[in-house]
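S.K.: Below is protein-v8.txt; it holds compact mmCIF, C-alpha atoms.
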```
# COMPACT_ATOMS: atom_id res chain seq x y z
CA MET W 30 107.51 103.83 72.44
CA SER W 31 111.11 104.78 71.98
CA ALA W 32 113.67 105.07 74.73
CA GLY W 33 113.51 108.84 74.46
CA THR W 34 109.80 109.04 75.31
CA PRO W 35 109.49 111.72 78.01
CA LYS W 36 108.33 110.70 81.45
CA SER W 37 106.04 113.70 81.52
CA LEU W 38 103.81 111.80 79.12
CA ALA W 39 101.81 110.65 82.10
CA SER W 40 101.04 114.05 83.52
CA SER W 41 100.30 115.57 80.13
CA GLY W 42 97.50 113.09 79.49
CA GLN W 43 98.82 112.19 76.03
CA LYS W 44 98.68 108.60 74.95
CA PRO W 45 101.83 106.72 73.97
CA ILE W 46 102.30 105.79 70.37
CA GLN W 47 100.23 102.77 69.35
CA GLU W 48 98.17 103.42 72.51
CA ILE W 49 100.20 101.03 74.60
CA CYS W 50 98.75 100.81 78.11
CA HIS W 51 101.47 101.76 80.53
CA PRO W 52 101.52 102.70 84.25
CA LEU W 53 102.58 106.22 83.26
CA GLY W 54 99.86 106.49 80.65
CA ALA W 55 96.81 108.70 80.74
CA GLU W 56 94.52 105.91 81.85
CA GLU W 57 96.45 105.55 85.11
CA THR W 58 97.29 109.12 86.03
CA ALA W 59 93.94 110.51 84.94
CA SER W 60 92.13 108.18 87.34
CA VAL W 61 90.65 110.34 90.05
CA LEU W 62 88.17 109.97 92.84
CA THR W 63 84.85 111.01 91.34
CA PRO W 64 81.98 111.60 93.79
CA SER W 65 78.60 110.20 92.92
CA PRO W 66 76.05 112.94 92.15
CA ASP W 67 73.42 111.06 94.09
CA VAL W 68 75.32 110.53 97.32
CA GLY W 69 76.80 113.29 99.47
CA ASN W 70 80.26 112.21 100.54
CA THR W 71 80.16 108.64 99.22
CA ILE W 72 82.76 107.70 96.64
CA THR W 73 81.40 105.11 94.25
CA SER W 74 83.94 105.18 91.45
CA ILE W 75 87.51 106.05 90.61
CA GLY W 76 88.18 106.87 87.02
CA GLY W 77 85.08 104.92 86.06
CA LYS W 78 86.00 101.93 88.24
CA ASP W 79 83.75 100.63 90.99
CA LEU W 80 85.21 101.48 94.39
CA SER W 81 82.96 99.26 96.48
CA LEU W 82 84.77 97.31 99.16
CA PRO W 83 85.08 93.52 98.93
CA ASN W 84 81.98 93.10 101.12
CA GLY W 85 79.93 95.36 98.85
CA THR W 86 79.99 98.40 101.12
CA PRO W 87 80.65 101.65 99.28
CA VAL W 88 83.68 103.67 100.38
CA GLU W 89 82.79 106.79 102.35
CA THR W 90 84.91 109.88 102.78
CA SER W 91 85.79 111.08 106.24
CA SER W 92 84.94 114.34 107.84
CA PRO W 93 87.49 117.08 107.22
CA ALA W 94 90.17 117.50 109.83
CA SER W 95 90.21 120.48 112.15
CA SER W 96 91.29 123.76 110.61
CA SER W 97 93.71 124.17 113.49
CA SER W 98 95.73 121.21 112.24
CA HIS W 99 99.47 121.85 112.03
CA LEU W 100 99.14 120.85 108.37
CA ASN W 101 97.01 123.94 107.76
CA ARG W 102 99.90 125.88 106.21
CA LEU W 103 99.85 125.41 102.46
CA GLN W 104 102.86 127.59 101.65
CA LEU W 105 104.72 125.30 99.31
CA ASP W 106 108.21 126.20 100.45
CA ASP W 107 109.33 122.68 101.31
CA ASP W 108 110.02 121.52 97.77
CA LEU W 109 111.50 118.21 96.69
CA ASP W 110 113.97 118.81 93.87
CA GLY W 111 112.12 121.97 92.91
CA GLU W 112 108.73 120.22 92.66
CA THR W 113 105.75 122.05 94.08
CA ARG W 114 104.08 120.07 96.83
CA ASP W 115 100.30 120.08 96.93
CA LEU W 116 99.75 117.05 99.15
CA PHE W 117 100.74 116.92 102.82
CA VAL W 118 100.33 113.73 104.86
CA THR W 119 101.25 112.93 108.48
CA VAL W 120 100.82 109.89 110.73
CA GLU W 121 100.20 110.79 114.35
CA ASP W 122 98.25 110.05 117.54
CA PRO W 123 98.66 106.24 117.94
CA LYS W 124 95.90 104.61 120.01
CA LYS W 125 95.60 101.13 121.46
CA HIS W 126 92.38 99.18 120.86
CA VAL W 127 91.46 96.14 122.92
CA SER W 128 88.67 93.76 121.95
CA THR W 129 87.72 90.20 122.78
CA MET W 130 89.35 88.98 119.58
CA GLU W 131 92.49 91.09 119.27
CA THR W 132 94.56 94.01 120.46
CA TYR W 133 95.95 96.45 117.94
CA ILE W 134 97.20 100.00 117.38
CA THR W 135 95.63 102.56 115.06
CA TYR W 136 97.20 105.78 113.79
CA MET W 137 95.63 109.03 112.71
CA VAL W 138 96.40 109.79 109.06
CA ALA W 139 95.93 113.52 108.49
CA THR W 140 95.88 114.86 104.93
CA LYS W 141 95.78 118.37 103.55
CA THR W 142 95.73 118.96 99.82
CA THR W 143 94.82 121.37 97.04
CA ARG W 144 94.46 118.64 94.42
CA VAL W 145 91.21 118.55 92.48
CA GLU W 146 91.14 114.75 92.72
CA PHE W 147 90.03 115.11 96.34
CA ASP W 148 86.53 116.29 97.26
CA LEU W 149 87.70 118.01 100.43
CA PRO W 150 90.83 119.97 101.30
CA GLU W 151 91.41 118.06 104.55
CA TYR W 152 90.90 114.50 105.75
CA SER W 153 91.51 112.74 109.02
CA VAL W 154 91.15 108.95 109.18
CA ARG W 155 92.39 106.19 111.46
CA ARG W 156 94.41 103.33 110.01
CA ARG W 157 96.10 100.27 111.45
CA TYR W 158 99.22 98.52 110.16
CA GLN W 159 97.35 96.06 107.95
CA ASP W 160 95.74 99.01 106.13
CA PHE W 161 99.19 100.32 105.26
CA ASP W 162 100.15 96.83 104.10
CA TRP W 163 97.01 96.71 101.93
CA LEU W 164 97.96 100.02 100.34
CA ARG W 165 101.49 98.89 99.55
CA THR W 166 100.22 95.67 97.98
CA LYS W 167 97.83 97.65 95.81
CA LEU W 168 100.62 99.96 94.73
CA GLU W 169 102.78 96.98 93.78
CA ASP W 170 99.92 95.45 91.78
CA THR W 171 98.92 98.61 89.91
CA GLN W 172 102.40 100.16 89.48
CA PRO W 173 104.62 97.10 88.93
CA THR W 174 107.42 99.04 87.23
CA HIS W 175 107.85 101.58 90.03
CA LEU W 176 109.83 101.36 93.26
CA ILE W 177 107.36 101.15 96.15
CA PRO W 178 108.74 102.47 99.46
CA PRO W 179 109.07 99.79 102.16
CA LEU W 180 106.99 99.41 105.29
CA PRO W 181 108.47 98.61 108.70
CA GLU W 182 108.49 94.89 109.32
CA LYS W 183 105.19 93.62 110.71
CA PHE W 184 106.30 90.75 112.90
CA VAL W 185 108.46 91.04 115.99
CA MET W 186 109.86 88.35 118.26
CA LYS W 187 107.55 87.79 121.19
CA GLY W 188 109.26 88.17 124.52
CA VAL W 189 112.04 90.24 122.95
CA VAL W 190 110.11 93.34 121.83
CA ASP W 191 106.85 94.54 123.29
CA ARG W 192 104.94 95.72 120.23
CA PHE W 193 102.59 97.75 122.42
CA SER W 194 105.35 99.58 124.27
CA GLU W 195 105.53 103.34 123.86
CA GLU W 196 108.99 103.15 122.28
CA PHE W 197 108.02 100.51 119.70
CA VAL W 198 104.78 102.25 118.75
CA GLU W 199 106.54 105.59 118.28
CA THR W 200 109.28 103.99 116.16
CA ARG W 201 106.63 102.35 113.96
CA ARG W 202 104.65 105.61 113.74
CA LYS W 203 107.73 107.40 112.42
CA ALA W 204 108.31 104.64 109.84
CA LEU W 205 104.68 104.69 108.67
CA ASP W 206 104.82 108.47 108.45
CA LYS W 207 107.93 108.29 106.28
CA PHE W 208 106.29 105.64 104.07
CA LEU W 209 103.28 107.84 103.33
CA LYS W 210 105.42 110.92 102.79
CA ARG W 211 107.55 109.07 100.23
CA VAL W 212 104.43 107.93 98.38
CA ALA W 213 102.91 111.43 98.56
CA ASP W 214 106.10 112.95 97.08
CA HIS W 215 106.21 110.49 94.18
CA PRO W 216 104.98 111.99 90.86
CA VAL W 217 103.13 108.80 89.89
CA LEU W 218 102.33 106.85 93.06
CA SER W 219 100.74 109.88 94.71
CA PHE W 220 98.03 109.90 92.02
CA ASN W 221 97.20 106.22 92.46
CA GLU W 222 93.51 105.59 93.06
CA HIS W 223 94.13 103.30 96.02
CA PHE W 224 96.36 105.87 97.70
CA ASN W 225 93.55 108.40 97.25
CA ALA W 226 91.06 106.03 98.85
CA PHE W 227 93.47 105.21 101.68
CA LEU W 228 93.77 108.89 102.60
CA SER W 229 90.11 109.79 102.27
CA ALA W 230 87.95 106.70 102.83
CA LYS W 231 86.32 106.57 106.23
CA ASP W 232 86.44 102.79 106.42
CA LEU W 233 88.66 100.29 104.59
CA ASN W 234 86.77 97.08 105.28
CA LYS W 235 88.84 94.85 103.05
CA ARG W 236 89.77 91.19 103.08
CA LEU W 237 93.46 90.74 103.65
CA GLY W 238 93.42 87.24 102.24
CA LEU W 239 93.16 88.74 98.76
CA ALA W 240 96.44 90.56 99.25
CA LEU W 241 98.12 87.33 100.35
CA LEU W 242 96.82 85.46 97.31
CA SER W 243 98.01 88.28 95.08
CA LYS W 244 101.52 88.06 96.48
CA MET W 245 101.54 84.28 96.09
CA GLY W 246 100.38 84.59 92.50
CA GLU W 247 103.10 87.11 91.76
CA SER W 248 105.75 84.76 93.14
CA VAL W 249 104.42 81.81 91.14
CA LYS W 250 104.44 83.92 87.98
CA TYR W 251 108.14 84.65 88.37
CA VAL W 252 109.05 81.08 89.26
CA THR W 253 107.26 79.67 86.20
CA GLY W 254 109.17 81.92 83.77
CA GLY W 255 111.26 79.47 81.77
CA TYR W 256 113.15 81.87 79.54
CA LYS W 257 116.66 82.82 80.53
CA LEU W 258 117.58 86.45 79.99
CA ARG W 259 120.32 86.94 77.42
CA GLY W 260 121.99 89.74 79.30
CA ARG W 261 120.90 92.60 81.49
CA PRO W 262 121.92 96.04 80.11
CA VAL W 263 125.08 97.44 81.66
CA GLU W 264 123.35 100.22 83.56
CA PHE W 265 120.93 97.82 85.24
CA SER W 266 123.69 95.34 85.99
CA ALA W 267 125.53 98.21 87.69
CA MET W 268 122.41 98.87 89.76
CA GLY W 269 122.33 95.25 90.88
CA ASP W 270 126.02 95.30 91.78
CA TYR W 271 125.59 98.51 93.75
CA LEU W 272 122.64 97.07 95.68
CA ASP W 273 124.69 93.99 96.60
CA MET W 274 127.56 96.17 97.81
CA PHE W 275 125.21 98.52 99.68
CA THR W 276 123.52 95.56 101.38
CA GLN W 277 126.89 94.29 102.61
CA LYS W 278 127.91 97.70 103.94
CA LEU W 279 124.61 98.27 105.74
CA GLY W 280 124.75 94.78 107.23
CA THR W 281 128.24 95.39 108.60
CA ILE W 282 127.29 98.80 110.02
CA ASP W 283 124.14 97.37 111.58
CA ARG W 284 126.00 94.53 113.31
CA ILE W 285 128.68 96.86 114.68
CA ALA W 286 126.09 99.44 115.77
CA GLN W 287 124.15 96.79 117.66
CA ARG W 288 127.34 95.64 119.39
CA ILE W 289 128.08 99.25 120.36
CA ILE W 290 124.58 99.64 121.78
CA LYS W 291 124.99 96.42 123.75
CA GLU W 292 128.35 97.53 125.14
CA GLN W 293 126.96 100.96 125.99
CA SER W 294 124.07 99.36 127.84
CA GLU W 295 126.47 97.16 129.80
CA TYR W 296 128.66 100.17 130.58
CA GLN W 297 125.60 102.08 131.76
CA VAL W 298 124.75 99.27 134.18
CA GLU W 299 128.27 99.51 135.60
CA LEU W 300 127.96 103.28 136.02
CA ARG W 301 124.68 102.88 137.87
CA GLU W 302 126.35 100.50 140.29
CA TYR W 303 129.55 102.54 140.46
CA GLY W 304 128.04 105.85 141.59
CA PRO W 305 126.26 104.61 144.76
CA VAL W 306 129.55 103.17 146.02
CA TYR W 307 130.92 106.72 146.36
CA THR W 308 127.68 107.83 148.03
CA THR W 309 127.93 105.19 150.77
CA TRP W 310 131.66 105.87 151.13
CA ALA W 311 130.95 109.56 151.73
CA LEU W 312 128.85 108.68 154.78
CA SER W 313 131.94 107.40 156.57
CA GLU W 314 134.42 110.03 155.32
CA ALA W 315 133.41 113.46 156.63
CA GLU W 316 136.43 115.27 155.22
CA LEU W 317 135.94 113.72 151.76
CA GLN W 318 132.15 113.81 151.76
CA GLY W 319 131.91 116.69 149.26
CA PRO W 320 134.28 115.29 146.64
CA LEU W 321 132.88 111.77 146.99
CA GLU W 322 129.30 112.93 146.58
CA GLY W 323 130.46 115.01 143.62
CA VAL W 324 131.93 111.94 141.95
CA ALA W 325 128.72 110.01 142.64
CA SER W 326 126.70 112.82 141.03
CA CYS W 327 129.12 112.86 138.11
CA MET W 328 128.57 109.13 137.55
CA ALA W 329 124.81 109.64 137.57
CA ASN W 330 125.06 112.46 135.02
CA CYS W 331 127.34 110.41 132.77
CA SER W 332 124.95 107.47 133.01
CA SER W 333 122.01 109.68 132.04
CA ALA W 334 123.92 111.13 129.09
CA LEU W 335 124.89 107.64 127.91
CA ASP W 336 121.27 106.53 128.18
CA GLU W 337 120.23 109.37 125.86
CA LEU W 338 122.99 108.51 123.38
CA THR W 339 122.02 104.84 123.33
CA GLN W 340 118.36 105.70 122.94
CA ASP W 341 119.08 108.04 120.04
CA MET W 342 121.10 105.34 118.32
CA SER W 343 118.36 102.74 118.82
CA GLU W 344 115.44 104.96 117.79
CA ASP W 345 117.02 107.14 115.09
CA PHE W 346 120.09 105.41 113.66
CA LEU W 347 119.17 101.73 113.44
CA PRO W 348 115.65 102.25 111.95
CA VAL W 349 117.13 104.13 108.99
CA LEU W 350 119.57 101.30 108.31
CA ARG W 351 116.77 98.74 108.40
CA GLU W 352 114.54 100.88 106.21
CA TYR W 353 117.20 100.95 103.51
CA VAL W 354 117.78 97.21 103.79
CA LEU W 355 114.07 96.81 102.99
CA TYR W 356 114.38 99.46 100.28
CA ILE W 357 117.12 97.38 98.64
CA GLU W 358 114.84 94.34 98.64
CA SER W 359 112.11 96.40 96.96
CA MET W 360 114.54 97.68 94.34
CA LYS W 361 115.74 94.15 93.58
CA ILE W 362 112.12 93.08 93.06
CA VAL W 363 111.62 95.90 90.54
CA LEU W 364 114.83 94.90 88.76
CA LYS W 365 113.56 91.33 88.60
CA LYS W 366 110.28 92.52 87.09
CA ARG W 367 112.21 94.52 84.50
CA ASP W 368 114.27 91.44 83.62
CA ASN W 369 111.09 89.39 83.23
CA ILE W 370 109.63 91.95 80.83
CA GLN W 371 112.85 91.96 78.82
CA ALA W 372 112.92 88.15 78.79
CA GLU W 373 109.35 88.10 77.51
CA TYR W 374 110.29 90.52 74.75
CA GLU W 375 113.37 88.51 73.75
CA ALA W 376 111.35 85.28 73.66
CA LYS W 377 108.68 86.84 71.43
CA LEU W 378 111.34 88.39 69.21
CA GLU W 379 113.04 85.04 68.72
CA ALA W 380 109.71 83.38 67.97
CA ALA W 381 108.91 86.09 65.43
CA ALA W 382 112.34 85.69 63.83
CA PHE W 383 111.79 81.95 63.55
CA ARG W 384 108.43 82.46 61.89
CA LYS W 385 109.99 85.01 59.56
CA GLU W 386 112.54 82.45 58.38
CA GLU W 387 109.74 80.01 57.62
CA LYS W 388 107.82 82.68 55.72
CA ALA W 389 110.35 84.73 53.81
CA SER W 390 107.61 86.98 52.43
CA CYS W 391 106.69 88.20 55.94
CA THR W 392 108.74 91.30 56.77
CA GLN W 393 106.48 93.12 59.24
CA VAL W 394 107.26 92.93 62.96
CA PRO W 395 104.29 91.42 64.85
CA THR W 396 102.23 93.86 66.90
CA ASP W 397 102.68 91.90 70.13
CA VAL W 398 106.47 92.17 69.77
CA GLU W 399 106.23 95.93 69.29
CA LYS W 400 103.98 96.25 72.32
CA CYS W 401 106.35 94.16 74.40
CA HIS W 402 109.28 96.34 73.27
CA ASP W 403 107.33 99.43 74.35
CA ARG W 404 106.77 97.82 77.76
CA VAL W 405 110.52 97.28 78.11
CA GLU W 406 111.24 100.91 77.25
CA CYS W 407 108.57 102.18 79.64
CA CYS W 408 109.84 99.95 82.43
CA ASN W 409 113.40 101.12 81.85
CA ALA W 410 112.31 104.77 82.01
CA ASP W 411 110.35 104.20 85.21
CA LEU W 412 113.18 102.34 86.87
CA LYS W 413 115.79 104.96 85.95
CA SER W 414 113.58 107.75 87.25
CA ASP W 415 112.86 105.98 90.53
CA TRP W 416 116.54 105.05 90.91
CA ASP W 417 117.57 108.69 90.63
CA ARG W 418 114.87 109.71 93.11
CA TRP W 419 115.93 106.95 95.51
CA GLN W 420 119.59 107.95 95.31
CA ASN W 421 118.68 111.56 96.02
CA ASN W 422 116.55 110.56 99.03
CA LYS W 423 119.34 108.29 100.24
CA ARG W 424 121.91 111.07 100.14
CA GLN W 425 119.60 113.38 102.07
CA ASP W 426 118.65 110.72 104.62
CA PHE W 427 122.21 109.63 105.36
CA ARG W 428 123.53 113.18 105.45
CA GLN W 429 120.86 113.95 108.04
CA LEU W 430 121.51 110.67 109.85
CA LEU W 431 125.27 111.20 110.14
CA THR W 432 124.83 114.83 111.15
CA GLY W 433 122.46 113.75 113.90
CA MET W 434 124.86 111.05 115.04
CA ALA W 435 127.67 113.61 115.25
CA ASP W 436 125.48 116.03 117.21
CA HIS W 437 124.37 113.34 119.66
CA ASN W 438 127.93 112.24 120.32
CA ILE W 439 129.09 115.82 120.79
CA GLN W 440 126.27 116.44 123.26
CA TYR W 441 127.14 113.24 125.12
CA TYR W 442 130.81 114.13 125.54
CA GLU W 443 129.99 117.72 126.46
CA LYS W 444 127.68 116.51 129.23
CA CYS W 445 130.33 114.09 130.51
CA LEU W 446 132.96 116.83 130.36
CA ALA W 447 130.73 119.23 132.29
CA ALA W 448 130.00 116.51 134.88
CA TRP W 449 133.69 115.85 135.51
CA GLU W 450 134.60 119.52 135.52
CA SER W 451 132.02 120.07 138.27
CA VAL W 452 134.05 117.73 140.51
CA ILE W 453 137.32 119.70 140.18
CA PRO W 454 136.25 122.67 142.38
CA LEU W 455 135.21 120.26 145.14
CA LEU W 456 138.68 118.73 145.15
CA ARG W 457 140.41 122.10 145.06
CA ASP W 458 138.38 123.36 148.02
CA LYS W 459 139.97 120.66 150.17
CA GLN W 460 143.55 121.53 149.26
CA PRO W 461 143.83 124.85 151.27
CA GLN W 462 142.34 123.19 154.32
CA GLU W 463 144.86 120.35 154.12
CA THR W 464 147.76 122.85 153.77
CA GLU W 465 146.53 124.91 156.72
CA THR W 466 146.36 121.78 158.89
CA GLU W 467 149.97 120.88 158.06
CA GLU W 468 151.22 124.39 159.11
CA ASP W 469 149.47 124.13 162.47
```
Rewrite the coordinates I just gave you, this time as structure tokens.

M.R.:
Amino acid sequence: MSAGTPKSLASSGQKPIQEICHPLGAEETASVLTPSPDVGNTITSIGGKDLSLPNGTPVETSSPASSSSHLNRLQLDDDLDGETRDLFVTVEDPKKHVSTMETYITYMVATKTTRVEFDLPEYSVRRRYQDFDWLRTKLEDTQPTHLIPPLPEKFVMKGVVDRFSEEFVETRRKALDKFLKRVADHPVLSFNEHFNAFLSAKDLNKRLGLALLSKMGESVKYVTGGYKLRGRPVEFSAMGDYLDMFTQKLGTIDRIAQRIIKEQSEYQVELREYGPVYTTWALSEAELQGPLEGVASCMANCSSALDELTQDMSEDFLPVLREYVLYIESMKIVLKKRDNIQAEYEAKLEAAAFRKEEKASCTQVPTDVEKCHDRVECCNADLKSDWDRWQNNKRQDFRQLLTGMADHNIQYYEKCLAAWESVIPLLRDKQPQETETEED
């Protein structure tokens, strides 16, 4: 496959030249959930592949979600770069489950679609974090040349963050919702068979140990690669340099933002202690009671406004920074995979050149070298496409993030200004009385 091979090759169903198997090829994108004719809502195969769970239980589809769902509107007016959306996914309604063995949170994953790959137009299933992790691992395994959106970090420090608190659960719900939306908006990942099963299967009774072994195997594979890459192409080297710079900038912003939040929290504690002082003072100063109580009320209002500002920064600003730090790690992994594919191609090309020197009569390029070259070209095309999509999402996310930060700060200062302005009339009311007393 040449470098100019169109990316739409996947969606068109055409096979690449020399029928090279590629993640964007027809075999991948044509894989759909096919219901068994013998079983009602039981999915037994995907694109001819057995979809039984690791314990042998067939995957079952869920009951359709209520028609009153807020996803019921299928007017495709919310386009992404002009692309028509036919798959809507939301994560909502977190619930806590307590058993003798463990305590965990599940989330309702609601799906509405017009795609023919799905048997029903609506699905509603419950998933826990490890199900999302399973999905991401499957996406990495089956689409190794694509950028897989990151998940929020699983582990938290005990005693520092309560992972069952309302604030933590809501922050994680938002992150999981964004993860699924990014996958659903991707032109290749959204057609992945495992993503289809994740959205529609009633029960994902899988063994997580398999995912762990898969990750370990992937790491070992990269470590054992003994060939050193000659040189990464300029455009991909520029990507790596940009990611390093972006990581540094995000790290600096994150550290400063956390210091600001800490200082705001400390200032809020001072305000909470400061206001009551004026309240108790007013009890012993009859003539100044109004102004003093006004100042105390002003302090309370300023403290409340600061609390909202700090909360917005903790729940809206910092999570986006951390998501993109994880995004950078994912992008670096894809770049590493691309380099490994190129290194494999270069090694085979050198070996073929050596054999050609030994056999001067042999002029044909070996088939395995051609196939490896096609893999490099396909990987390059996938990476460039996902890079452009990621950059576009980043611009939108940070434009929205900075706009929100500006709005929150404006609202904070407006509330503080209004609180202090409310004290001025109380002070002015005392001035005529004081003047009248002096004339008497």

S.K.: Find the distance between atom CA of Arg351 of chain W and atom CA of Pro179 of chain W and write it in Å to one decimal.

M.R.: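 Taking atom CA of Arg351 of chain W and atom CA of Pro179 of chain W, their separation equals 10.0 Å.
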
S.K.: Need the shell around Arg155 of chain W: protein/DNA/RNA residues with any atom at most 8 Å away, counting all atoms listed in the file. Skip same-chain ones fewer than 3 positions apart. Format as a ChimeraX atom specification?

M.R.: /W:135-138

S.K.: Residues of the last selection are to be written out with C-alpha atoms, as a CSV table (one decimal), in the coordinates of the input.

M.R.:
```
chain,number,residue,atom,x,y,z
W,135,THR,CA,95.6,102.6,115.1
W,136,TYR,CA,97.2,105.8,113.8
W,137,MET,CA,95.6,109.0,112.7
W,138,VAL,CA,96.4,109.8,109.1
```

S.K.: Just want the 9 Å neighbourhood of segment 340-348 of chain W, counted on all atoms listed in the file, with same-chain residues fewer than 4 positions away dropped. Output as an MDAnalysis selection string.

M.R.: chainID W and resid 181 196:197 199:200 204 283 286:287 290 335:336 352:353 430:431 433:434 437

S.K.: Restricting it to C-alpha atoms, dump the selection as a PDB file, in the frame of the given file.

M.R.:
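Output below, filename again_29.pdb:
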```pdb
ATOM      1  CA  PRO W 181     108.470  98.610 108.700  1.00  0.00           C
ATOM      2  CA  GLU W 196     108.990 103.150 122.280  1.00  0.00           C
ATOM      3  CA  PHE W 197     108.020 100.510 119.700  1.00  0.00           C
ATOM      4  CA  GLU W 199     106.540 105.590 118.280  1.00  0.00           C
ATOM      5  CA  THR W 200     109.280 103.990 116.160  1.00  0.00           C
ATOM      6  CA  ALA W 204     108.310 104.640 109.840  1.00  0.00           C
ATOM      7  CA  ASP W 283     124.140  97.370 111.580  1.00  0.00           C
ATOM      8  CA  ALA W 286     126.090  99.440 115.770  1.00  0.00           C
ATOM      9  CA  GLN W 287     124.150  96.790 117.660  1.00  0.00           C
ATOM     10  CA  ILE W 290     124.580  99.640 121.780  1.00  0.00           C
ATOM     11  CA  LEU W 335     124.890 107.640 127.910  1.00  0.00           C
ATOM     12  CA  ASP W 336     121.270 106.530 128.180  1.00  0.00           C
ATOM     13  CA  GLU W 352     114.540 100.880 106.210  1.00  0.00           C
ATOM     14  CA  TYR W 353     117.200 100.950 103.510  1.00  0.00           C
ATOM     15  CA  LEU W 430     121.510 110.670 109.850  1.00  0.00           C
ATOM     16  CA  LEU W 431     125.270 111.200 110.140  1.00  0.00           C
ATOM     17  CA  GLY W 433     122.460 113.750 113.900  1.00  0.00           C
ATOM     18  CA  MET W 434     124.860 111.050 115.040  1.00  0.00           C
ATOM     19  CA  HIS W 437     124.370 113.340 119.660  1.00  0.00           C
TER      20      HIS W 437
END
```

S.K.: As an exercise, work out the distance from atom CA of Ala334 of chain W to atom CA of Lys444 of chain W in Å and give it to one decimal place.

M.R.: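 Calculated distance between atom CA of Ala334 of chain W and atom CA of Lys444 of chain W is 6.6 Å.
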
S.K.: Could you check which of W:Leu321, W:Lys207, W:Met328, W:Lys124 is closest to Glu302 of chain W, using only C-alpha atoms?

M.R.: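 Checking each candidate against Glu302 of chain W, we get W:Met328 as the closest.
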
S.K.: With 6 Å of padding per side, what axis-aligned box (centre and edge lengths, Å, one decimal) covers all the listed atoms of segment 405-413 of chain W? Give it as JSON.

M.R.:
```
{"center_x": 112.2, "center_y": 101.1, "center_z": 82.1, "size_x": 19.2, "size_y": 19.7, "size_z": 21.6}
```

S.K.: Have a look at W:Arg384, W:Arg201, W:Lys423, W:Arg114 and name the one nearest to Ile357 of chain W; count all atoms listed in the file.

M.R.: W:Lys423

S.K.: Do you have the atom CA of Asn330 of chain W-atom CA of Lys203 of chain W distance handy?

M.R.: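 These atoms are spaced 28.9 Å apart.
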
S.K.: Give me, as JSON, numbers by chain, all polymer residues having an atom no more than 12 Å from Ser333 of chain W, counting only C-alpha atoms and skipping those fewer than 4 positions away in the same chain.

M.R.: {"W": [293, 294, 296, 297, 298, 300, 301, 304, 326, 327, 328, 329, 337, 338, 339, 340, 440, 441, 442, 444, 445, 448]}

S.K.: Keeping only C-alpha atoms, write the selected residues as a CSV table (one decimal), in the frame of the given file.

M.R.:
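Final output, saved to selection-v3.csv:
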```
chain,number,residue,atom,x,y,z
W,293,GLN,CA,127.0,101.0,126.0
W,294,SER,CA,124.1,99.4,127.8
W,296,TYR,CA,128.7,100.2,130.6
W,297,GLN,CA,125.6,102.1,131.8
W,298,VAL,CA,124.8,99.3,134.2
W,300,LEU,CA,128.0,103.3,136.0
W,301,ARG,CA,124.7,102.9,137.9
W,304,GLY,CA,128.0,105.8,141.6
W,326,SER,CA,126.7,112.8,141.0
W,327,CYS,CA,129.1,112.9,138.1
W,328,MET,CA,128.6,109.1,137.6
W,329,ALA,CA,124.8,109.6,137.6
W,337,GLU,CA,120.2,109.4,125.9
W,338,LEU,CA,123.0,108.5,123.4
W,339,THR,CA,122.0,104.8,123.3
W,340,GLN,CA,118.4,105.7,122.9
W,440,GLN,CA,126.3,116.4,123.3
W,441,TYR,CA,127.1,113.2,125.1
W,442,TYR,CA,130.8,114.1,125.5
W,444,LYS,CA,127.7,116.5,129.2
W,445,CYS,CA,130.3,114.1,130.5
W,448,ALA,CA,130.0,116.5,134.9
```

S.K.: Write out as a PyMOL selection string each polymer residue whose atoms come within 12 Å of Ile453 of chain W, counting all atoms listed in the file; drop sequence neighbours fewer than 3 positions from it.

M.R.: chain W and resi 319-321+323-324+327+446-450+456-460

S.K.: List as a list in words: which residues have an atom within 10 Å of (110.2, 92.3, 81.4), counting only C-alpha atoms?

M.R.: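 Final list of nearby residues, as requested, is Thr174, Leu258, Val363, Leu364, Lys365, Lys366, Arg367, Asp368, Asn369, Ile370, Gln371, Ala372, Glu373, Tyr374, Glu375, Cys401, His402, Arg404, Val405, Glu406, Cys408 and Asn409 of chain W.
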
S.K.: Considering all atoms listed in the file, can you say which of W:Phe265, W:Thr396, W:Trp419, W:Asp115 comes closest to Ala213 of chain W?

M.R.: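 Using all atoms listed in the file, Ala213 of chain W sits closest to W:Asp115.
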
S.K.: For a quick check of understanding, using all atoms listed in the file, which of W:Ala376, W:Ser332, W:Ala382, W:Phe208 has the smallest distance to Glu295 of chain W?

M.R.: W:Ser332

S.K.: Hey, could you patch up segment 369-373 of chain W with N, CA and C atoms and hand it over as a PDB file, in the coordinates of the input?

M.R.:
```pdb
ATOM      1  N   ASN W 369     112.137  90.281  83.745  1.00  0.00           N
ATOM      2  CA  ASN W 369     111.090  89.390  83.230  1.00  0.00           C
ATOM      3  C   ASN W 369     110.437  89.982  81.984  1.00  0.00           C
ATOM      4  N   ILE W 370     110.223  91.297  82.001  1.00  0.00           N
ATOM      5  CA  ILE W 370     109.630  91.950  80.830  1.00  0.00           C
ATOM      6  C   ILE W 370     110.578  91.867  79.642  1.00  0.00           C
ATOM      7  N   GLN W 371     111.868  92.077  79.888  1.00  0.00           N
ATOM      8  CA  GLN W 371     112.850  91.960  78.820  1.00  0.00           C
ATOM      9  C   GLN W 371     112.922  90.530  78.297  1.00  0.00           C
ATOM     10  N   ALA W 372     112.868  89.556  79.204  1.00  0.00           N
ATOM     11  CA  ALA W 372     112.920  88.150  78.790  1.00  0.00           C
ATOM     12  C   ALA W 372     111.708  87.800  77.922  1.00  0.00           C
ATOM     13  N   GLU W 373     110.552  88.345  78.305  1.00  0.00           N
ATOM     14  CA  GLU W 373     109.350  88.100  77.510  1.00  0.00           C
ATOM     15  C   GLU W 373     109.508  88.690  76.111  1.00  0.00           C
TER      16      GLU W 373
END
```
